[in-house]
Amino acid sequence: MMDNFDVAVVGGGIVGLAHAWSAAKRGLSVLLLDRDPQACGASVRNFGMVWPIGQPSGDLYTTAMQSRSLWLELSEAGAVEAESCGSLHLAYRDDELAVLREFCAGGTHACELIDSQSVLAKAPFVQCESLLGGLWSSTEIRVNPRQAIPSLLDWLRNNFRVIPMMGRTVVDVSDHFIESSDGSRWRADKIIICSGSDLRTLYPEVLQKAGLRLCKLQMLEATTNTSLPPAAPHIAGGLTLRHYKSFESCRSLDALKQRIERETPELNAYGIHVMASMLPNGRVILGDSHEYNEAISPFDKSVIDDLILRELQLLLDMRMWSITQRWHGIYAKHEALPVFHVSLDDGIEVFTGTGGAGMTMAFGLAEQAWKKWESA
Ligand SMILES: Cc1cc2nc3c(=O)[nH]c(=O)nc-3n(C[C@H](O)[C@H](O)[C@H](O)COP(=O)(O)OP(=O)(O)OC[C@H]3O[C@@H](n4cnc5c(N)ncnc54)[C@H](O)[C@@H]3O)c2cc1C
């Protein structure tokens with residue numbers, strides 16, 4: 001068995017897969033290790049929303065759009081199913097509409113303000129009462145994360161010199177060697193650690209001082225027996241406007257934030273904003289909440305699920321939907337950067353902390369890192 005590789009990647013989530021693809025495209029041999037038989041971290045627990053609209057204009061939006069093109073490239077190559085569905089931010093209150101109007105007027109993102117009739121034409125399943133209009137953006141993509149992650153791994157294995165070794169916990173990395181808990185050892189010129197929210201196993205001394213926070217999100221899945229239109233857009237509402245950095249440039253956002261704190265402080269207590277992604281199989285991924293560090297408990301809170309559903313019902317006609325799954329996911333997030341990246345001795349790169357935007361940013365961030373390494 002080959003035990004000497006150009007590159008070894010620790011972690012088979014989206015960030016590890018992005019690096020494996022970037023390396024493999026350059027003709028390099030890649031060993032990809034994950035401690036689980038199938039990756040089961042944040043990358044399979046998310047909405048599967050590729051969400052450029054959430055990134056502020058400038059480098060981050062450019063990176064998100066680069067990732068978007070790479071998802072579409074993978075889809076065309078048959079590696080994953082990625083659907084160009086776009087997104088709608090719905091407005092039911094004047095302060096929500098004001099933020100959407102100001103954001104559109106800024107002209108930084110490819111989006112437009114549309115009236116309530118046009119919203120309903122694109123998304124007949126949204127609540128029509130009191131609907132004032134919405135922000136339509138065509139740049140968002142949907143993947144089913146539970147399929148996309150294993151499918152991309154298979155495609156890499158079948159089309160490149162990528163060898164996955166699943167079910168191997170890496171316990172030591174030094175001097176170009178990687179060792180797993182069963183005593184196996186491999187050598188690689190470059191070793192990229194993409195260990196997601198695990199800040200304790202590899203390089204804890206680096207990761208615990210890196211300005212990373214852990215964040216827990218509660219999620220639900222609904223099954224609907226009503227038919228959803230093909231390529232139904234992702235849905236978000238006014239609460240989401242206070243969550244993504246792209247809207248921070250809007251002066252009108254303060255009034256919306258103050259109203260939410262005044263009327264519904266319980267949503268801020270659990271970091272709740274609500275979104276929905278309609279999968280083609282009639283299932284809808286719903287969420288979410290945000291609890292950080294010490295507030296993270298292994299036990300999910302039914303009060304959070306109830307609040308998420310209460311807020312979603314203001315946006316969506318869910319009368320024929322039933323909740324079929326509940327779960328939570330945890331990601332690591334850097335305070336200021338889209339990813340925490342540090343180069344250590346012996347060709348070791350640590351690359352983690354993509355926060356709530358790893359599906360949106362990972363391919364672009366990995367490609368940019370590889371371009372830099374190539375030219376160094
Ligand atoms: C509920 C939820 C919803 C989200 N929704 C979205 C969304 O819609 N759009 C978006 O852009 N982003 C979203 N995100 C964020 C996105 O999912 C993350 O940023 C991204 O998945 C992080 O990828 P990762 O590869 O770093 O981590 P992970 O997916 O957690 O992968 C890390 C992998 O490393 C492995 N590992 C760790 N340590 C070792 C070791 N020592 N040896 C071997 N293997 C190891 C783990 O087993 C794991 O498989 C969401 C996140 C969550 C939790």
# chains A, B, ... in the order shown; residues from 1 in each chain; ligands from 1

$ select_by_dssp --residues "region 55-179 of chain A" --states "alpha helix (DSSP H)" --output "PyMOL selection string"
chain A and resi 59-76+94-106+116-122+145-159

$ residues_near_ligand --ligand "ligand 1" --cutoff "6 Å" --atoms "only C-alpha atoms and all ligand atoms" --output "PyMOL selection string"
chain A and resi 10-16+33-36+39-43+45-50+168-171+194-198+201-202+217+219+328-331+352+354-360

$ atom_distance --atom1 "CA of Gly27 (chain A)" --atom2 "CA of Ala148 (chain A)"
22.9 Å

$ closest_residue --among "A:Met278, A:Ala366, A:Leu286, A:Leu256" --to "Arg142 (chain A)" --atoms "only C-alpha atoms"
A:Met278

$ closest_residue --among "A:Trp321, A:Phe299, A:Phe340, A:Trp136" --to "Cys104 (chain A)" --atoms "only C-alpha atoms"
A:Trp136

$ closest_residue --among "A:Ile272, A:Gln218, A:Glu261, A:Asn144" --to "Ser297 (chain A)" --atoms "only C-alpha atoms"
A:Gln218

$ closest_residue --among "A:Ser130, A:Thr63, A:Ser69, A:Ser180" --to "Arg93 (chain A)" --atoms "only C-alpha atoms"
A:Ser130
